[in-house]
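Novice: Structure provided below as structure tokens; questions to follow.
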Amino acid sequence: MAKKRTKSKPKSKPTKKGFSFKLSKQNKIILGSLLILLSIAMFFSFVSFYFTWQDDQSLLSEFANRNQEAKNLLNKFGASVGHFFMYQGFGLSSFIFPFLVCITGLYMFLGLDKKGLLSKWIWGIVFVIWISIALGFFAITRPLMGGLIGYEMNDFLQDYTGRIGVLLLLMFGLMIILVRLFKFTPDGIVNYFKEQRKTVVSEFNTDEPDEENGVVFKKEDSTPVILDTYTHKENIPKLKKEPKDDFEIKVIEEEVIEEEKLEMKVEKVTTEKEETKNIADKLVADYGEFDPTLELGNYKFPTLDLLEQHGAGTGITIDQDELEENKNKIVDTLKNYKIGIAQIKATIGPTVTLYEIVPEAGVRISKIKNLEDDIALSLAALGIRIIAPIPGKGTIGIEVPNKKPSTVSMRSVIASKKFQNSTMELPIAFGKTISNETFVVDLAKMPHLLMAGATGQGKSVGLNAVLTSLLYKKHPAEVKFILVDPKKVELTLYNKIERHFLAKLPDSEEAIITDNTKVIHTLNSLCIEMDNRYELLKLAMVRNLKEYNTKFRARKLNPNDGHKFLPYIVLVIDEFADLIMTAGKEVETPVARLAQLARAIGIHLIIATQRPSVNVITGLIKANFPARIAFRVTSKIDSRTILDSQGADQLIGRGDMLFTQGNDITRIQCAFVDTPEVDKITAYIGAQRAYADAHLLPEYVGEDSGTSLDNNISDRDAMFREAAEVIVIAQQGSASLIQRKLKLGYNRAGRIIDQLEAAGIVGPFEGSKARQVLVPDMYALDQLLNNEIN
Ligand SMILES: Nc1ncnc2c1ncn2[C@@H]1O[C@H](COP(=O)(O)OP(=O)(O)OP(=O)(O)O)[C@@H](O)[C@H]1O
């Protein structure tokens with residue numbers, strides 16, 4: 001079952017898709033030890049290079065020659081590394097590199113927090129450069145000290161600043177290092193010396209402490225200081241009354257002053273490391289993020305060459321004369337009605353050309369809009385649409401169909417950068433807009449889509465474009481389709497990808513639904529799935545499917561608590577009108593419920609209909625389908641029913657469509673994907689390794705099926721006999737036994753138990769106890785069932 005599939009395999013490899021910078025613990029140990037050993041190799045190479053470089057220099061060009069042997073301890077590797085770092089690089093200061101590599105290795109090996117590592121590298125490289133320049137400066141005669149870089153940098157700097165300048169620059173560099181790295185300040189130095197002096201003084205004075213008072217006296221010329229901090233006379237220490245000659249009590253005061261100035265060393269606060277990390281983090285560290293695509297890890301997305309060019313590879317071609325002619329006709333027609341044009345501009349689309357006009361000042365827009373039919377007449381063309389004004393542009397648009405429309409191939413929109421680079425959850429490339437831009441929208445954001453159009457205007461092609469877009473962008477683990485096709489011929493091609501991309505009811509043979517009662521069951525089952533998903537989201541404390549799946553990927557949700565990766569479910573219903581006619585409310589209610597609630601849990605509906613009349617697209621459904629597509633319809637009323645505005649009646653057909661997702665209406669030429677192409681794509685996917693079964697939806701038992709004590713043999717479940725045998729063999733009348741043994745859903749097992757009761761095989765319901773089995777053995781069962789038939 002699907003549940004099992006998504007639950008299992010935590011032990012499999014870390015994520016495969018994309019490169020993750022998070023190394024597992026084992027890999028860190030391996031990489032860490034490699035770096036430590038590399039640092040040792042570098043160290044010995046460098047030491048050895050210092051003594052052998054002259055001998056080995058001639059060998060460097062003979063690295064590949066196996067007969068040549070270098071004197072370096074690490075042979076030619078050591079000679080090359082040494083030459084690279086010490087001779088051509090930074091000279092003696094290169095020794096810092098093995099040190100840095102070693103530290104990095106240790107960090108990895110011990111799994112330490114990498115926070116401080118970057119600053120160690122930065123300071124290490126600063127030191128390397130500084131030392132290399134300094135050695136280059138002082139040891140001019142020994143080039144190996146500062147390396148080529150030290151030498152060249154010196155040379156370069158001296159050309160501009162002279163030797164003294166370089167010396168000053170070096171001192172400045174040193175200063176930076178002292179101040180930034182060692183926190184050197186003048187105060188710090190003064191305090192340091194004071195501290196030194198204090199320790200020396202106290203060491204010196206400890207020889208003669210005053211036994212009685214514990215203070216040290218010091219001979220000095222200055223006036224004595226009397227410290228009186230005592231209020232009661234009897235408490236006044238003797239010391240004060242009998243000062244010893246001209247000794248003064250100095251030390252106390254001095255100590256007070258010193259205490260004021262004493263610098264306090266603040267111990268670095270070390271935050272205790274958490275012993276056990278969050279379990280989720282640990283799981284992610286060990287196994288990587290959960291990858292839902294792993295089960296079909298080798299799945300290959302369909303390739304572009306499965307799609308045809310449809311002669312559209314050449315791009316749009318339009319006759320310059322046609323453009324000029326149309327322009328003149330528009331200008332003339334408007335002139336006839338005394339409308340002057342200030343400016344006119346043409347944008348050539350695949351099927352229509354948009355003429356944007358800026359009327360002269362003082363012309364009323366409604367006047368132009370009313371001339372729609374007149375302009376159409378003068379241009380002698382169908383499908384003229386006037387957009388007055390074009391939203392956000394301040395111009396008036398007149399769309400005129402091209403004499404030779406060019407087909408927008410699905411291939412061209414799938415191959416477009418916009419689609420390929422899209423990061424949308426469910427990207428759909430519908431086609432091209434009037435300005436020839438690929439039009440890509442996110443179905444997850446729509447969140448449901450209503451499609452209408454008269455017969456033969458491109459609805460089925462539009463549905464195929466939607467499905468193809470998703471097949472080109474999504475892995476089978478990420479999205480599942482439920483296809484309802486009352487015409488029985490439009491979507492059958494998708495049968496081939498049943499075990500990859502389709503979802504179905506547990507007891508149904510065919511994944512593509514052509515039968516109306518099954519549609520009702522499926523819709524209700526989807527409602528159960530929706531409720532289940534909401535329950536899971538509630539448990540996971542997230543608001544939508546995306547957050548839920550992100551949390552699941554990060555292994556923060558335990559599969560043992562029923563959590564699983566939830567794929568998007570796209571329900572496609574072709575010929576919705578037909579369904580509503582035959583099933584009415586039974587279909588409308590679950591569809592409306594899904595449309596209202598399913599957006600957050602990743603169930604999206606695409607409904608297509610020929611007849612967009614109000615009894616098919618009821619107010620309840622319409623209100624929940626903000627995204628709508630209208631292909632050419634036959635009347636203005638139909639256009640208003642779909643789009644809430646006219647325009648769809650003026651389209652030219654063959655995939656010419658209007659799309660709205662709220663207020664703006666965009667004219668698009670739908671991408672064309674032919675049946676053989678869909679056939680090729682589904683065959684390509686279908687030939688690959690698949691899941692064991694289609695994605696199973698929750699079981700739904702219709703109210704009409706299985707009355708509780710119905711002993712009608714013909715109405716019995718197909719698994720009735722198997723279930724009876726299981727019960728008789730086990731002599732235990734429980735629904736859960738049937739469920740387990742026959743792998744049925746709870747509802748179906750319950751129904752079978754009721755039928756077994758009606759047939760007299762099990763006793764009545766006895767609360768928490770299992771039902772009594774009334775048939776003692778298989779022989780008796782056979783007899784009972786045979787008698788029934790006879
Ligand atoms: N985007 C398109 N580009 C070019 N031609 C198209 C396009 N869409 C449809 N056509 C043409 O229109 C014909 C009918 O299209 P389609 O089968 O999609 O219509 P339909 O609306 O589904 O009709 P019905 O409702 O009867 O099934 C296609 O065979 C094709 O020749």
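Letters A, B, ... go to the chains of the structure tokens in the order shown; residues in each chain start at 1; ligands are counted from 1 in the same order.
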Pick out the residues no farther than 9 Å from ligand 1, counting only C-alpha atoms and all ligand atoms, and list them as a count of residues only.
Specialist: 41
Novice: Show me, as a VMD selection string, the residues that have an atom within 12 Å of region 715-721 of chain A when counting only C-alpha atoms, minus same-chain residues fewer than 5 positions from it.
Specialist: chain A and resid 507 704 to 710 726 to 728 738 to 739 741 to 744 747 to 759 761 778 781 to 782 784 to 786
Novice: Of the candidates A:Lys183, A:Lys432, A:Lys329, A:Arg411, which one gets nearest to Ile398 (chain A) if we count only C-alpha atoms?
Specialist: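 For Ile398 (chain A), the nearest of the candidates is A:Lys329.
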Novice: Using only C-alpha atoms, which protein or nucleic acid residues come within 10 Å of region 466-474 of chain A? Drop anything in the same chain fewer than 6 positions from it, and give the result as a VMD selection string.
Specialist: chain A and resid 300 to 304 410 413 to 414 419 to 420 422 to 430 440 443 460 480 to 481 494 501 570 572 606 671 673 677 to 678 681 to 682 685
Novice: Write the residues you've just listed into a file as an mmCIF file, in the first residue's frame, and include N, CA and C atoms for each of them.
Specialist:
```cif
data_model
loop_
_atom_site.group_PDB
_atom_site.id
_atom_site.type_symbol
_atom_site.label_atom_id
_atom_site.label_comp_id
_atom_site.auth_asym_id
_atom_site.auth_seq_id
_atom_site.Cartn_x
_atom_site.Cartn_y
_atom_site.Cartn_z
ATOM 1 N N LYS A 300 13.430 8.516 -15.015
ATOM 2 C CA LYS A 300 13.933 9.529 -15.959
ATOM 3 C C LYS A 300 12.762 10.367 -16.457
ATOM 4 N N PHE A 301 12.921 11.661 -16.358
ATOM 5 C CA PHE A 301 11.875 12.544 -16.846
ATOM 6 C C PHE A 301 11.790 12.438 -18.369
ATOM 7 N N PRO A 302 10.593 12.615 -18.911
ATOM 8 C CA PRO A 302 10.468 12.514 -20.370
ATOM 9 C C PRO A 302 11.379 13.519 -21.071
ATOM 10 N N THR A 303 11.877 13.119 -22.214
ATOM 11 C CA THR A 303 12.805 14.010 -22.919
ATOM 12 C C THR A 303 12.047 14.861 -23.936
ATOM 13 N N LEU A 304 12.686 15.953 -24.320
ATOM 14 C CA LEU A 304 12.030 16.909 -25.222
ATOM 15 C C LEU A 304 11.754 16.322 -26.600
ATOM 16 N N MET A 410 3.885 22.390 -28.036
ATOM 17 C CA MET A 410 4.131 22.103 -26.611
ATOM 18 C C MET A 410 5.634 22.071 -26.365
ATOM 19 N N VAL A 413 7.079 25.493 -25.573
ATOM 20 C CA VAL A 413 6.814 26.053 -24.240
ATOM 21 C C VAL A 413 7.509 25.248 -23.142
ATOM 22 N N ILE A 414 7.590 23.936 -23.356
ATOM 23 C CA ILE A 414 8.287 23.108 -22.350
ATOM 24 C C ILE A 414 9.774 23.464 -22.349
ATOM 25 N N PHE A 419 9.714 28.026 -18.224
ATOM 26 C CA PHE A 419 9.167 26.791 -17.674
ATOM 27 C C PHE A 419 10.267 25.952 -17.042
ATOM 28 N N GLN A 420 11.371 25.842 -17.735
ATOM 29 C CA GLN A 420 12.456 25.005 -17.225
ATOM 30 C C GLN A 420 12.997 25.522 -15.894
ATOM 31 N N SER A 422 11.368 27.325 -13.744
ATOM 32 C CA SER A 422 10.341 27.704 -12.766
ATOM 33 C C SER A 422 10.485 26.874 -11.501
ATOM 34 N N THR A 423 10.264 27.551 -10.376
ATOM 35 C CA THR A 423 10.367 26.851 -9.097
ATOM 36 C C THR A 423 8.975 26.655 -8.506
ATOM 37 N N MET A 424 7.977 26.739 -9.364
ATOM 38 C CA MET A 424 6.609 26.593 -8.868
ATOM 39 C C MET A 424 6.364 25.159 -8.410
ATOM 40 N N GLU A 425 5.348 25.020 -7.577
ATOM 41 C CA GLU A 425 5.026 23.687 -7.076
ATOM 42 C C GLU A 425 4.428 22.815 -8.182
ATOM 43 N N LEU A 426 3.463 23.365 -8.903
ATOM 44 C CA LEU A 426 2.844 22.604 -9.991
ATOM 45 C C LEU A 426 2.803 23.498 -11.239
ATOM 46 N N PRO A 427 3.926 23.658 -11.903
ATOM 47 C CA PRO A 427 3.966 24.600 -13.034
ATOM 48 C C PRO A 427 3.214 24.069 -14.254
ATOM 49 N N ILE A 428 2.461 24.948 -14.852
ATOM 50 C CA ILE A 428 1.739 24.567 -16.063
ATOM 51 C C ILE A 428 2.068 25.571 -17.154
ATOM 52 N N ALA A 429 2.571 25.059 -18.275
ATOM 53 C CA ALA A 429 2.870 25.948 -19.404
ATOM 54 C C ALA A 429 1.688 25.858 -20.347
ATOM 55 N N PHE A 430 0.866 26.895 -20.362
ATOM 56 C CA PHE A 430 -0.342 26.837 -21.163
ATOM 57 C C PHE A 430 -0.087 27.129 -22.634
ATOM 58 N N VAL A 440 3.352 30.698 -18.035
ATOM 59 C CA VAL A 440 3.458 29.610 -17.054
ATOM 60 C C VAL A 440 2.738 30.035 -15.779
ATOM 61 N N LEU A 443 -0.422 25.783 -10.675
ATOM 62 C CA LEU A 443 -1.736 25.220 -10.341
ATOM 63 C C LEU A 443 -1.952 25.224 -8.825
ATOM 64 N N SER A 460 -9.685 19.539 -25.001
ATOM 65 C CA SER A 460 -8.925 18.315 -24.727
ATOM 66 C C SER A 460 -7.436 18.570 -24.907
ATOM 67 N N LYS A 480 -0.052 13.032 -8.148
ATOM 68 C CA LYS A 480 -0.895 11.925 -8.625
ATOM 69 C C LYS A 480 -2.112 12.508 -9.317
ATOM 70 N N PHE A 481 -2.527 11.873 -10.379
ATOM 71 C CA PHE A 481 -3.709 12.348 -11.103
ATOM 72 C C PHE A 481 -4.883 11.405 -10.883
ATOM 73 N N TYR A 494 -3.497 7.775 -20.813
ATOM 74 C CA TYR A 494 -2.773 7.888 -19.544
ATOM 75 C C TYR A 494 -2.816 6.597 -18.730
ATOM 76 N N PHE A 501 1.723 7.587 -12.010
ATOM 77 C CA PHE A 501 1.139 8.896 -11.720
ATOM 78 C C PHE A 501 -0.335 8.888 -11.342
ATOM 79 N N VAL A 570 -4.131 15.823 -8.367
ATOM 80 C CA VAL A 570 -4.812 16.675 -9.346
ATOM 81 C C VAL A 570 -5.982 15.887 -9.922
ATOM 82 N N VAL A 572 -8.823 15.626 -12.544
ATOM 83 C CA VAL A 572 -9.224 16.204 -13.836
ATOM 84 C C VAL A 572 -10.569 15.610 -14.231
ATOM 85 N N ILE A 606 -9.381 20.268 -11.751
ATOM 86 C CA ILE A 606 -9.461 20.879 -13.082
ATOM 87 C C ILE A 606 -10.731 20.339 -13.724
ATOM 88 N N ALA A 671 -0.833 25.848 -26.096
ATOM 89 C CA ALA A 671 0.178 25.013 -26.751
ATOM 90 C C ALA A 671 -0.487 23.777 -27.315
ATOM 91 N N VAL A 673 -0.506 19.947 -28.266
ATOM 92 C CA VAL A 673 0.139 18.646 -28.092
ATOM 93 C C VAL A 673 -0.820 17.617 -28.661
ATOM 94 N N GLU A 677 1.870 12.411 -29.561
ATOM 95 C CA GLU A 677 2.915 12.898 -28.647
ATOM 96 C C GLU A 677 2.634 12.426 -27.216
ATOM 97 N N VAL A 678 1.361 12.570 -26.809
ATOM 98 C CA VAL A 678 0.992 12.110 -25.463
ATOM 99 C C VAL A 678 1.261 10.610 -25.361
ATOM 100 N N ILE A 681 4.929 10.076 -24.787
ATOM 101 C CA ILE A 681 5.354 10.458 -23.422
ATOM 102 C C ILE A 681 4.910 9.391 -22.425
ATOM 103 N N THR A 682 3.633 8.978 -22.530
ATOM 104 C CA THR A 682 3.156 7.998 -21.552
ATOM 105 C C THR A 682 3.869 6.661 -21.745
ATOM 106 N N ILE A 685 7.265 6.963 -20.070
ATOM 107 C CA ILE A 685 7.189 6.853 -18.607
ATOM 108 C C ILE A 685 6.758 5.434 -18.230
#
```
Novice: For Lys518 (chain A), find every residue with an atom within 10 Å (counting only C-alpha atoms), except residues of its own chain fewer than 5 positions away, and show them as a list in words.
Specialist: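 Close residues of Lys518 (chain A): Val484, Leu505, Ser508, Ile513, Leu523, Asn524 and Gly702 of chain A.
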Novice: Could you write out that same residue set with C-alpha atoms as a PDB file, in the first residue's frame?
Specialist:
```
ATOM      1  CA  VAL A 484     -12.438  11.298 -14.984  1.00  0.00           C
ATOM      2  CA  LEU A 505     -10.017   3.539  -5.443  1.00  0.00           C
ATOM      3  CA  SER A 508     -11.260  -0.643  -8.823  1.00  0.00           C
ATOM      4  CA  ILE A 513     -12.810   6.681 -14.323  1.00  0.00           C
ATOM      5  CA  LEU A 523     -15.146  12.238  -5.138  1.00  0.00           C
ATOM      6  CA  ASN A 524     -16.332  11.084  -1.732  1.00  0.00           C
ATOM      7  CA  GLY A 702     -21.709   4.248  -0.724  1.00  0.00           C
TER       8      GLY A 702
END
```
Novice: Which value, in Å to one decimal, gives the distance between CA of Val352 (chain A) and CA of Leu371 (chain A)?
Specialist: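 Spanning CA of Val352 (chain A) to CA of Leu371 (chain A) is a straight-line distance of 18.9 Å.
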Novice: What separation in Å, quoted to one decimal, exists between CA of Pro559 (chain A) and CA of Leu23 (chain A)?
Specialist: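 Between these atoms lies a distance of 24.0 Å.
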